[in-house]
Amino acid sequence: MVKGITNRKKQYVEVIARFDEEGNMTPLEIKWEDGRTFEIDRVLDARRAASLKVGGIGVRYLCEIASRQTYLFFEDPAWFVEEKVRE
């Protein structure tokens, strides 16, 4: 376990995404509940998968944001991340 982090919780977020001609969806930006926005530099992987840390299943995107990797989940019709809960 990472020092200072006791758990994770499912945090729903607003996402701006692009759809191509074939209907493929690519997330571009995440907007946090406090209004901060995070541009997704690139999507490294996308596949149907479960969140083993907070529960839920959908399309899991492995995203790179500011040189860090994180998972973003699309659980139709909502998006969520595995938010770190501090001690």
# chains A, B, ... in the order shown; residues from 1 in each chain; ligands from 1
>>> residues_around(residues="segment 39-45 of chain A", least_positions_apart="6", cutoff="9 Å", atoms="only C-alpha atoms", output="PyMOL selection string")
chain A and resi 26-31+60-67+69
>>> select_by_dssp(residues="chain A", states="strand (DSSP E)", output="VMD selection string")
chain A and resid 5 to 19 25 to 31 37 to 39 42 to 50 57 to 65 68 to 75 78 to 86
>>> residues_around(residues="Gln11 of chain A", least_positions_apart="3", cutoff="12 Å", atoms="only C-alpha atoms", output="list in words")
Arg8, Glu14, Ile30, Lys31, Trp32, Glu33, Lys53, Val54, Gly55, Gly56, Tyr71, Leu72, Phe73, Phe74, Glu75, Ala78, Trp79, Phe80, Val81, Glu82, Glu83, Lys84 and Val85 of chain A
>>> residues_around(residues="Asp76 of chain A", least_positions_apart="6", cutoff="10 Å", atoms="only C-alpha atoms", output="list in words")
Ile57, Gly58 and Val59 of chain A
>>> write_last_selection(atoms="N, CA and C atoms", output="compact mmCIF listing (two decimals), in the first residue's frame")
# COMPACT_ATOMS: atom_id res chain seq x y z
N ILE A 57 -17.70 -2.27 -13.78
CA ILE A 57 -17.14 -2.84 -15.00
C ILE A 57 -17.56 -1.99 -16.18
N GLY A 58 -16.68 -1.90 -17.16
CA GLY A 58 -16.96 -1.12 -18.36
C GLY A 58 -15.73 -1.07 -19.22
N VAL A 59 -15.55 0.01 -19.94
CA VAL A 59 -14.34 0.18 -20.74
C VAL A 59 -13.30 0.90 -19.87
>>> closest_residue(among="A:Ala49, A:Thr70, A:Arg36, A:Pro77", to="Tyr12 of chain A", atoms="only C-alpha atoms")
A:Pro77
>>> atom_distance(atom1="atom CA of Arg68 of chain A", atom2="atom CA of Glu22 of chain A")
28.9 Å
